>>> print(open('upload-v6.tsv').read())   # TSV, C-alpha atoms and all ligand atoms
chain	number	residue	atom	x	y	z
Y	1399	MET	CA	42.94	101.87	14.99
Y	1400	GLU	CA	42.74	98.09	14.96
Y	1401	LYS	CA	46.50	97.83	14.57
Y	1402	LYS	CA	46.95	100.23	17.44
Y	1403	ASN	CA	44.78	98.02	19.66
Y	1404	ILE	CA	46.76	94.91	18.77
Y	1405	MET	CA	49.98	96.77	19.56
Y	1406	LYS	CA	48.49	97.86	22.83
Y	1407	LYS	CA	47.41	94.31	23.69
Y	1408	THR	CA	50.79	92.86	22.67
Y	1409	GLY	CA	52.50	95.46	24.81
Y	1410	LEU	CA	50.32	94.56	27.79
Y	1411	GLY	CA	51.02	90.89	27.16
Y	1412	ILE	CA	54.77	91.49	27.29
Y	1413	ILE	CA	54.38	93.50	30.48
Y	1414	ALA	CA	52.30	90.66	31.96
Y	1415	ILE	CA	54.99	88.11	31.05
Y	1416	LEU	CA	57.76	90.30	32.47
Y	1417	PHE	CA	55.73	90.76	35.63
Y	1418	ALA	CA	55.17	87.01	35.91
Y	1419	VAL	CA	58.90	86.29	35.52
Y	1420	LYS	CA	59.80	88.94	38.09
Y	1421	SER	CA	57.18	87.67	40.55
Y	1422	PHE	CA	58.36	84.09	40.18
Y	1423	ALA	CA	61.90	84.99	41.22
Y	1424	GLY	CA	60.82	86.58	44.47
Y	1425	ASP	CA	57.65	84.71	45.35
Y	1426	PRO	CA	58.03	82.70	48.57
Y	1427	LYS	CA	55.43	80.23	47.24
Y	1428	ASN	CA	57.97	79.16	44.64
Y	1429	LEU	CA	60.74	78.58	47.13
Y	1430	LYS	CA	61.49	74.88	46.83
Y	1431	ASN	CA	63.64	74.59	49.95
Y	1432	THR	CA	61.27	75.95	52.53
Y	1433	THR	CA	63.22	74.36	55.35
Y	1434	MET	CA	66.91	73.60	55.49
Y	1435	GLU	CA	66.07	70.10	56.80
Y	1436	LYS	CA	64.61	69.25	53.40
Y	1437	PHE	CA	67.50	70.68	51.42
Y	1438	ASP	CA	67.31	69.44	47.82
Y	1439	ILE	CA	70.74	69.25	46.19
Y	1440	HIS	CA	69.17	69.27	42.71
Y	1441	VAL	CA	67.19	72.51	43.03
Y	1442	PHE	CA	68.37	76.08	42.75
Y	1443	PRO	CA	65.75	77.68	45.00
Y	1444	ALA	CA	64.07	81.02	44.52
Y	1445	LEU	CA	65.11	83.88	46.73
Y	1446	PRO	CA	62.56	84.03	49.59
Y	1447	TYR	CA	61.96	87.77	48.96
Y	1448	GLY	CA	62.54	90.42	46.30
Y	1449	TYR	CA	65.98	91.84	45.53
Y	1450	ASP	CA	65.07	95.13	47.19
Y	1451	ALA	CA	63.44	93.60	50.29
Y	1452	LEU	CA	66.45	94.15	52.54
Y	1453	GLU	CA	67.04	97.78	51.54
Y	1454	PRO	CA	68.64	99.94	52.80
Y	1455	TYR	CA	70.80	97.47	54.74
Y	1456	ILE	CA	71.56	95.24	51.76
Y	1457	ASP	CA	70.99	96.96	48.42
Y	1458	ALA	CA	69.00	95.48	45.54
Y	1459	ARG	CA	71.89	95.50	43.04
Y	1460	THR	CA	74.12	93.55	45.41
Y	1461	MET	CA	71.32	91.05	46.07
Y	1462	GLU	CA	70.69	90.55	42.37
Y	1463	ILE	CA	74.33	89.96	41.45
Y	1464	HIS	CA	74.95	87.89	44.58
Y	1465	TYR	CA	71.96	85.59	44.06
Y	1466	ASP	CA	71.65	85.43	40.31
Y	1467	ARG	CA	75.34	85.28	39.38
Y	1468	HIS	CA	77.52	84.20	42.31
Y	1469	HIS	CA	75.07	81.82	43.95
Y	1470	ARG	CA	73.77	80.38	40.68
Y	1471	ALA	CA	77.34	79.76	39.49
Y	1472	TYR	CA	78.11	77.74	42.64
Y	1473	PHE	CA	74.96	75.68	42.06
Y	1474	ASN	CA	75.78	75.06	38.39
Y	1475	ASN	CA	79.39	74.12	39.14
Y	1476	PHE	CA	78.33	71.86	42.01
Y	1477	THR	CA	75.79	70.11	39.75
Y	1478	ALA	CA	78.50	69.59	37.13
Y	1479	ALA	CA	80.98	68.30	39.75
Y	1480	ILE	CA	78.64	65.60	41.10
Y	1481	LYS	CA	77.12	64.60	37.75
Y	1482	GLY	CA	77.53	60.88	37.12
Y	1483	THR	CA	78.96	60.22	40.59
Y	1484	SER	CA	77.38	58.47	43.59
Y	1485	LEU	CA	77.05	61.90	45.23
Y	1486	GLU	CA	74.06	62.61	42.97
Y	1487	ASN	CA	71.96	60.39	45.24
Y	1488	SER	CA	73.35	61.71	48.53
Y	1489	THR	CA	72.00	64.33	50.91
Y	1490	ILE	CA	73.97	67.52	51.45
Y	1491	ASP	CA	74.84	66.38	55.00
Y	1492	GLN	CA	76.27	63.11	53.67
Y	1493	ILE	CA	78.33	64.99	51.07
Y	1494	PHE	CA	79.70	67.49	53.60
Y	1495	SER	CA	80.51	64.81	56.20
Y	1496	LYS	CA	82.97	63.25	53.71
Y	1497	VAL	CA	83.78	66.30	51.60
Y	1498	SER	CA	87.53	65.74	52.06
Y	1499	GLU	CA	87.13	62.67	49.83
Y	1500	ALA	CA	84.98	64.45	47.25
Y	1501	GLY	CA	87.56	66.98	46.10
Y	1502	ASP	CA	87.85	70.75	45.89
Y	1503	ALA	CA	85.16	71.30	43.22
Y	1504	VAL	CA	82.51	69.69	45.43
Y	1505	ARG	CA	83.85	71.34	48.59
Y	1506	ASN	CA	83.97	74.87	47.17
Y	1507	ASN	CA	80.86	74.79	44.98
Y	1508	GLY	CA	78.76	72.59	47.26
Y	1509	GLY	CA	79.64	74.91	50.13
Y	1510	GLY	CA	78.91	77.97	47.99
Y	1511	PHE	CA	75.54	76.54	46.96
Y	1512	TYR	CA	74.42	75.48	50.45
Y	1513	ASN	CA	75.82	78.42	52.44
Y	1514	HIS	CA	73.98	80.97	50.30
Y	1515	VAL	CA	70.60	79.20	50.58
Y	1516	PHE	CA	71.20	79.06	54.32
Y	1517	PHE	CA	72.16	82.75	54.38
Y	1518	TRP	CA	69.13	83.98	52.34
Y	1519	ASN	CA	66.84	82.08	54.68
Y	1520	ASN	CA	68.35	83.60	57.82
Y	1521	LEU	CA	67.65	87.11	56.49
Y	1522	ALA	CA	64.26	88.84	56.39
Y	1523	PRO	CA	62.92	92.36	55.78
Y	1524	LYS	CA	61.46	92.54	59.29
Y	1525	SER	CA	63.63	91.43	62.14
Y	1526	ALA	CA	62.12	90.48	65.49
Y	1527	GLY	CA	64.20	88.98	68.30
Y	1528	PRO	CA	65.19	85.40	69.03
Y	1529	SER	CA	62.72	83.08	70.79
Y	1530	ALA	CA	62.68	82.88	74.60
Y	1531	GLU	CA	64.46	79.50	74.41
Y	1532	LEU	CA	67.22	80.75	72.12
Y	1533	THR	CA	67.61	83.99	74.10
Y	1534	ALA	CA	68.05	81.97	77.31
Y	1535	ALA	CA	70.63	79.73	75.63
Y	1536	LEU	CA	72.55	82.74	74.24
Y	1537	VAL	CA	72.61	84.40	77.67
Y	1538	LYS	CA	73.69	81.16	79.33
Y	1539	GLU	CA	76.57	80.59	76.88
Y	1540	PHE	CA	77.79	84.13	76.22
Y	1541	GLY	CA	76.64	86.11	79.27
Y	1542	SER	CA	74.25	88.40	77.38
Y	1543	PHE	CA	72.68	88.88	73.96
Y	1544	ASP	CA	74.93	91.90	73.37
Y	1545	LYS	CA	78.01	89.87	74.24
Y	1546	PHE	CA	76.93	87.21	71.71
Y	1547	ARG	CA	76.49	89.92	69.05
Y	1548	GLU	CA	79.92	91.28	69.82
Y	1549	LEU	CA	81.59	87.85	69.55
Y	1550	PHE	CA	79.73	86.94	66.34
Y	1551	GLY	CA	80.50	90.38	64.88
Y	1552	ASN	CA	84.19	90.05	65.75
Y	1553	SER	CA	84.26	86.62	64.16
Y	1554	ALA	CA	82.82	88.14	60.95
Y	1555	LYS	CA	85.10	91.17	60.97
Y	1556	THR	CA	88.31	89.29	61.69
Y	1557	ARG	CA	87.87	86.43	59.20
Y	1558	PHE	CA	90.90	87.06	57.00
Y	1559	GLY	CA	90.08	87.18	53.29
Y	1560	SER	CA	86.80	85.51	52.26
Y	1561	GLY	CA	84.55	83.34	54.35
Y	1562	TRP	CA	81.61	83.09	56.72
Y	1563	ALA	CA	80.89	83.63	60.42
Y	1564	TRP	CA	78.55	81.21	62.19
Y	1565	LEU	CA	76.47	80.65	65.29
Y	1566	TYR	CA	76.17	76.89	65.63
Y	1567	VAL	CA	75.29	74.09	68.02
Y	1568	THR	CA	78.14	71.77	69.00
Y	1569	ALA	CA	77.90	67.98	69.40
Y	1570	ASP	CA	77.28	68.46	73.15
Y	1571	LYS	CA	74.36	70.82	72.33
Y	1572	ARG	CA	76.12	74.02	73.30
Y	1573	LEU	CA	76.07	77.26	71.35
Y	1574	ALA	CA	79.32	78.43	69.78
Y	1575	VAL	CA	80.53	81.18	67.46
Y	1576	GLY	CA	83.27	80.92	64.86
Y	1577	SER	CA	84.19	81.41	61.23
Y	1578	THR	CA	85.17	79.35	58.21
Y	1579	PRO	CA	87.34	80.27	55.21
Y	1580	ASN	CA	86.20	80.33	51.57
Y	1581	GLN	CA	82.95	78.31	51.21
Y	1582	ASP	CA	83.52	75.89	54.09
Y	1583	ASN	CA	80.87	75.41	56.79
Y	1584	PRO	CA	80.55	73.64	60.19
Y	1585	LEU	CA	78.95	70.55	58.55
Y	1586	MET	CA	82.17	69.74	56.66
Y	1587	ASP	CA	84.70	67.18	57.86
Y	1588	VAL	CA	87.46	69.58	56.82
Y	1589	SER	CA	86.17	72.42	59.01
Y	1590	ALA	CA	88.00	73.53	62.16
Y	1591	ILE	CA	84.62	74.35	63.74
Y	1592	LYS	CA	81.99	71.59	63.67
Y	1593	GLY	CA	78.30	71.48	64.51
Y	1594	THR	CA	74.80	72.34	63.35
Y	1595	PRO	CA	74.68	75.88	61.91
Y	1596	LEU	CA	71.97	78.29	63.12
Y	1597	LEU	CA	72.98	81.70	61.74
Y	1598	THR	CA	75.53	82.85	59.22
Y	1599	ILE	CA	76.86	85.97	57.56
Y	1600	ASP	CA	78.67	86.00	54.23
Y	1601	VAL	CA	81.80	88.15	54.53
Y	1602	TRP	CA	83.06	87.72	50.98
Y	1603	GLU	CA	83.56	91.18	49.47
Y	1604	HIS	CA	80.92	90.40	46.81
Y	1605	ALA	CA	78.35	90.41	49.65
Y	1606	TYR	CA	78.90	94.07	50.53
Y	1607	TYR	CA	81.44	95.85	48.34
Y	1608	LEU	CA	79.02	97.81	46.11
Y	1609	LYS	CA	77.40	99.56	49.08
Y	1610	TYR	CA	80.01	99.39	51.82
Y	1611	GLN	CA	83.28	99.17	49.82
Y	1612	ASN	CA	86.03	98.11	52.21
Y	1613	LYS	CA	83.96	98.83	55.35
Y	1614	ARG	CA	83.08	95.27	56.35
Y	1615	ALA	CA	82.33	96.39	59.93
Y	1616	ASP	CA	79.49	98.67	58.70
Y	1617	TYR	CA	77.99	95.79	56.70
Y	1618	VAL	CA	78.18	93.50	59.75
Y	1619	GLU	CA	76.44	96.18	61.84
Y	1620	ALA	CA	73.66	96.53	59.21
Y	1621	PHE	CA	73.24	92.73	59.06
Y	1622	TRP	CA	71.63	92.71	62.53
Y	1623	LYS	CA	68.72	94.78	61.17
Y	1624	VAL	CA	67.71	91.99	58.80
Y	1625	VAL	CA	68.29	88.77	60.75
Y	1626	ASN	CA	65.37	86.35	60.46
Y	1627	TRP	CA	65.30	85.38	64.13
Y	1628	GLU	CA	62.15	83.32	63.64
Y	1629	GLU	CA	64.06	81.03	61.28
Y	1630	VAL	CA	67.17	80.97	63.49
Y	1631	SER	CA	65.02	80.09	66.53
Y	1632	LYS	CA	63.41	77.23	64.56
Y	1633	ARG	CA	66.83	75.93	63.62
Y	1634	TYR	CA	67.85	76.08	67.27
Y	1635	ASN	CA	64.82	74.06	68.40
Y	1636	ALA	CA	65.52	71.42	65.75
Y	1637	ALA	CA	69.23	71.26	66.62
Y	1638	VAL	CA	68.79	70.71	70.37
Y	1639	LYS	CA	65.82	68.33	70.13
R	1701	MN	MN	78.42	85.15	48.69
>>> encode(input="upload-v6.tsv", output="structure tokens", more="lines below")
Ligand code: MN
Amino acid sequence: MEKKNIMKKTGLGIIAILFAVKSFAGDPKNLKNTTMEKFDIHVFPALPYGYDALEPYIDARTMEIHYDRHHRAYFNNFTAAIKGTSLENSTIDQIFSKVSEAGDAVRNNGGGFYNHVFFWNNLAPKSAGPSAELTAALVKEFGSFDKFRELFGNSAKTRFGSGWAWLYVTADKRLAVGSTPNQDNPLMDVSAIKGTPLLTIDVWEHAYYLKYQNKRADYVEAFWKVVNWEEVSKRYNAAVK
């Protein structure tokens, strides 16, 4: 009887530990990079929600592999690439602004690290609309919100191979839509499109293949259901300040 109780307690203890580990991974309180302005190049941040939070639009298995394997690998490889160099004491903006001098390992893995943190934070289980300010700016630049969605969606769908589509603010504070190949982003000196990113979608096959297979357009359509417009609107306000 006594042995049975110990077994029972040990079992509960293990469950408690497993629960604690699981909670840690998805607990927003443990997210180190709460804002992209305070991006810490030395921290692999927690996902701001659970793996299944974006179901059914983005499935839990895809989220787990994407975050815990792909994203983590970019972070680890980036950390290894900057180790012992002056880049260790730089901000991510400083690194990206001269990434052509830093080499492909920093460009690809630094981009892969940053872009995914940015992407996770512009997704949320409940999607409201953009702020009044951002809505007005989208209408002014693109004619209507639907027209913006169409242009951004086309940018995502037509990016050949792997890459990202972006809504960003240009140097003259205007909104623009475009895409980048591989793990490049609009903050990089090597990028054909340049500015302050507001919203992104990952169109690498690893982001959607398990659920959508080759149907990238269906994944892009589903993406709109889980856009964190509150975060995107905040980014907009900061970018045009
Ligand atoms: Mn990805």
>>> closest_atom_pairs(input="upload-v6.tsv", of="chain Y", to="ligand MN 1701 (chain R)", cutoff="9 Å", atoms="all atoms listed in the file", output="tab-separated table")
residue	atom	partner	partner_atom	distance
Y:His1464	CA	R:MN1701	MN	6.0
Y:Tyr1465	CA	R:MN1701	MN	8.0
Y:His1468	CA	R:MN1701	MN	6.5
Y:His1469	CA	R:MN1701	MN	6.7
Y:Gly1510	CA	R:MN1701	MN	7.2
Y:Asn1513	CA	R:MN1701	MN	8.1
Y:His1514	CA	R:MN1701	MN	6.3
Y:Phe1517	CA	R:MN1701	MN	8.8
Y:Gly1561	CA	R:MN1701	MN	8.5
Y:Trp1562	CA	R:MN1701	MN	8.9
Y:Gln1581	CA	R:MN1701	MN	8.6
Y:Asp1600	CA	R:MN1701	MN	5.6
Y:Val1601	CA	R:MN1701	MN	7.4
Y:Trp1602	CA	R:MN1701	MN	5.8
Y:Glu1603	CA	R:MN1701	MN	8.0
Y:His1604	CA	R:MN1701	MN	6.1
Y:Ala1605	CA	R:MN1701	MN	5.3
>>> atom_distance(input="upload-v6.tsv", atom1="CA of Val1588 (chain Y)", atom2="CA of Ala1500 (chain Y)")
11.1 Å
>>> atom_distance(input="upload-v6.tsv", atom1="CA of Glu1486 (chain Y)", atom2="CA of Pro1584 (chain Y)")
21.5 Å
>>> closest_residue(input="upload-v6.tsv", among="Y:Lys1609, Y:Lys1632, Y:Arg1572, Y:Lys1623", to="Met1461 (chain Y)", atoms="all atoms listed in the file")
Y:Lys1609
>>> atom_distance(input="upload-v6.tsv", atom1="CA of Arg1547 (chain Y)", atom2="CA of Tyr1512 (chain Y)")
23.6 Å
>>> closest_atom_pairs(input="upload-v6.tsv", of="region 1499-1568 of chain Y", to="region 1440-1459 of chain Y", cutoff="7 Å", atoms="all atoms listed in the file", output="Markdown table")
| residue | atom | partner | partner_atom | distance |
| --- | --- | --- | --- | --- |
| Y:Trp1518 | CA | Y:Leu1445 | CA | 6.9 |
| Y:Asn1519 | CA | Y:Pro1446 | CA | 6.9 |
| Y:Ala1522 | CA | Y:Leu1452 | CA | 6.9 |
| Y:Pro1523 | CA | Y:Leu1452 | CA | 5.1 |
>>> closest_residue(input="upload-v6.tsv", among="Y:Ala1534, Y:Ile1591, Y:Ala1479, Y:Ile1439", to="Asp1491 (chain Y)", atoms="all atoms listed in the file")
Y:Ile1439
>>> residues_around(input="upload-v6.tsv", residues="Asp1570 (chain Y)", least_positions_apart="3", cutoff="12 Å", atoms="all atoms listed in the file", output="list in words")
Tyr1566, Val1567, Leu1573, Ala1574, Lys1592, Gly1593, Thr1594, Ala1637, Val1638 and Lys1639 of chain Y
>>> closest_residue(input="upload-v6.tsv", among="Y:Val1504, Y:Ala1615, Y:Ala1535, Y:Ile1463", to="Ile1480 (chain Y)", atoms="all atoms listed in the file")
Y:Val1504
>>> residues_around(input="upload-v6.tsv", residues="Asn1475 (chain Y)", least_positions_apart="2", cutoff="9 Å", atoms="all atoms listed in the file", output="list in words")
Arg1470, Ala1471, Tyr1472, Phe1473, Thr1477, Ala1478, Ala1479, Ile1480, Ala1503, Val1504, Asn1507 and Gly1508 of chain Y
>>> closest_residue(input="upload-v6.tsv", among="Y:Ile1490, Y:Leu1549, Y:Lys1571, Y:Phe1476", to="Asp1502 (chain Y)", atoms="all atoms listed in the file")
Y:Phe1476
>>> residues_around(input="upload-v6.tsv", residues="Phe1543 (chain Y)", least_positions_apart="6", cutoff="12 Å", atoms="all atoms listed in the file", output="compact mmCIF listing (two decimals) with C-alpha atoms, keeping the file's coordinate frame")
# COMPACT_ATOMS: atom_id res chain seq x y z
CA GLY Y 1527 64.20 88.98 68.30
CA PRO Y 1528 65.19 85.40 69.03
CA SER Y 1529 62.72 83.08 70.79
CA ALA Y 1530 62.68 82.88 74.60
CA LEU Y 1532 67.22 80.75 72.12
CA THR Y 1533 67.61 83.99 74.10
CA ALA Y 1534 68.05 81.97 77.31
CA ALA Y 1535 70.63 79.73 75.63
CA LEU Y 1536 72.55 82.74 74.24
CA VAL Y 1537 72.61 84.40 77.67
CA LEU Y 1549 81.59 87.85 69.55
CA PHE Y 1550 79.73 86.94 66.34
>>> closest_residue(input="upload-v6.tsv", among="Y:Ser1498, Y:Glu1628, Y:Thr1460, Y:Ser1542", to="Tyr1606 (chain Y)", atoms="all atoms listed in the file")
Y:Thr1460
>>> closest_residue(input="upload-v6.tsv", among="Y:Gly1501, Y:Gly1482, Y:Gly1576, Y:Pro1595", to="Arg1557 (chain Y)", atoms="all atoms listed in the file")
Y:Gly1576
